[in-house]
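Down below is the structure, laid out as structure tokens.
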There are 2 protein chains.
Amino acid sequence: MVYYSMDLDITFFALSDPTRRAIISKLAKGEMPIMELASPFDMSLPAVSKHIRVLEKAGLLSRRKQGRVYYCRLNARPLREATKWLAFYQQFWDAKLDSLSNFLEE
Amino acid sequence: MVYYSMDLDITFFALSDPTRRAIISKLAKGEMPIMELASPFDMSLPAVSKHIRVLEKAGLLSRRKQGRVYYCRLNARPLREATKWLAFYQQFWDAKLDSLSNFLEE
């Protein structure tokens, strides 16, 4: 009766933290060394790394090593499923967006 | 430098659980007595009530009492902010959806 999707759990959980959303926002500008990614946050590198691991587990971030530097990159694909889940509910908050669901189904 | 939105934290957290998403899905059909809402879930009423409180805190559900019965109703508005946050990223997962952001801005 009740449909469970583990992926959506992990995606929405990853998005429920402001630091993780800010990391996603920074990576939208392109691949970035982990030190540069971590620099604006008022927390230790291990604390930022913990958030990065949550994003990796959610499939939202991938990491590659070049020389001694780790680069992080955004994988936005899981956000598509989250957006599709939400799209159904737009009919309840704004009638003028009725075709959003159709948009996402096409 | 980093933008924090408490509301988005709470909204995305509320969505990170399959029971809470299923409650939202059921309430999309209309207002419902809490007992009817809780019935399909393989858990105790207090356990479902805990999820309902998380949804209430997120502003996604409201409750009213009529006689001895509590009725629950969906408030989809917070989902709009979540959808708007996600809409920016559609450019990274599918080029054909380029106008989704414009849609939501209109």
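Every chain in the structure tokens has a letter given in the order shown (A, B, ...), and although residue numbers restart at 1 in each chain, ligands are simply numbered from 1 in the order shown.
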Using only C-alpha atoms, I'd like a table of the residues in chain B that come within 7 Å of chain A; for each, show the closest atom pair and its distance in Å rounded to one decimal, ordered by chain and ascending number, as a Markdown table.
```
| residue | atom | partner | partner_atom | distance |
| --- | --- | --- | --- | --- |
| B:Met1 | CA | A:Pro40 | CA | 6.9 |
| B:Val2 | CA | A:Ala22 | CA | 6.5 |
| B:Tyr4 | CA | A:Pro18 | CA | 5.5 |
| B:Ser5 | CA | A:Pro18 | CA | 6.8 |
| B:Leu8 | CA | A:Ser16 | CA | 6.7 |
| B:Asp9 | CA | A:Ser16 | CA | 4.3 |
| B:Ile10 | CA | A:Ser16 | CA | 6.7 |
| B:Phe12 | CA | A:Ser16 | CA | 4.7 |
| B:Phe13 | CA | A:Ser16 | CA | 4.9 |
| B:Leu15 | CA | A:Phe12 | CA | 6.0 |
| B:Ser16 | CA | A:Asp9 | CA | 4.2 |
| B:Asp17 | CA | A:Asp9 | CA | 5.5 |
| B:Pro18 | CA | A:Tyr4 | CA | 5.5 |
| B:Ala22 | CA | A:Val2 | CA | 6.4 |
| B:Pro40 | CA | A:Met1 | CA | 7.0 |
| B:Ala76 | CA | A:Trp93 | CA | 5.8 |
| B:Arg77 | CA | A:Trp93 | CA | 5.4 |
| B:Leu79 | CA | A:Leu86 | CA | 6.9 |
| B:Arg80 | CA | A:Trp93 | CA | 6.9 |
| B:Thr83 | CA | A:Thr83 | CA | 6.4 |
| B:Leu86 | CA | A:Thr83 | CA | 6.4 |
| B:Tyr89 | CA | A:Ala76 | CA | 6.7 |
| B:Gln90 | CA | A:Arg80 | CA | 6.9 |
| B:Phe92 | CA | A:Ala76 | CA | 5.9 |
| B:Trp93 | CA | A:Arg77 | CA | 5.4 |
```
Report task. Per DSSP on the backbone, filter chain A down to the residues in alpha helix (DSSP H) and report them as number ranges by chain. Result -> A: 6-15, 18-27, 34-38, 45-57, 77-87, 90-93, 100-105
Query raised in the report: Do you know which residues are at most 7 Å from Arg73 (chain A) counting only C-alpha atoms, after dropping those on the same chain fewer than 6 positions away, and could you put them as a PyMOL selection string?
Result: chain A and resi 27+30-32+61-63
Resulting file, chosen residues, C-alpha atoms, as a compact mmCIF listing (two decimals), in the first residue's frame:
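Saved result, selection06.txt, follows:
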```txt
# COMPACT_ATOMS: atom_id res chain seq x y z
CA LEU A 27 29.55 23.13 -7.09
CA GLY A 30 31.91 23.82 -11.62
CA GLU A 31 34.37 21.27 -10.30
CA MET A 32 36.37 22.55 -7.35
CA LEU A 61 28.76 14.68 -5.37
CA SER A 62 31.68 12.81 -6.84
CA ARG A 63 35.31 13.13 -5.98
```
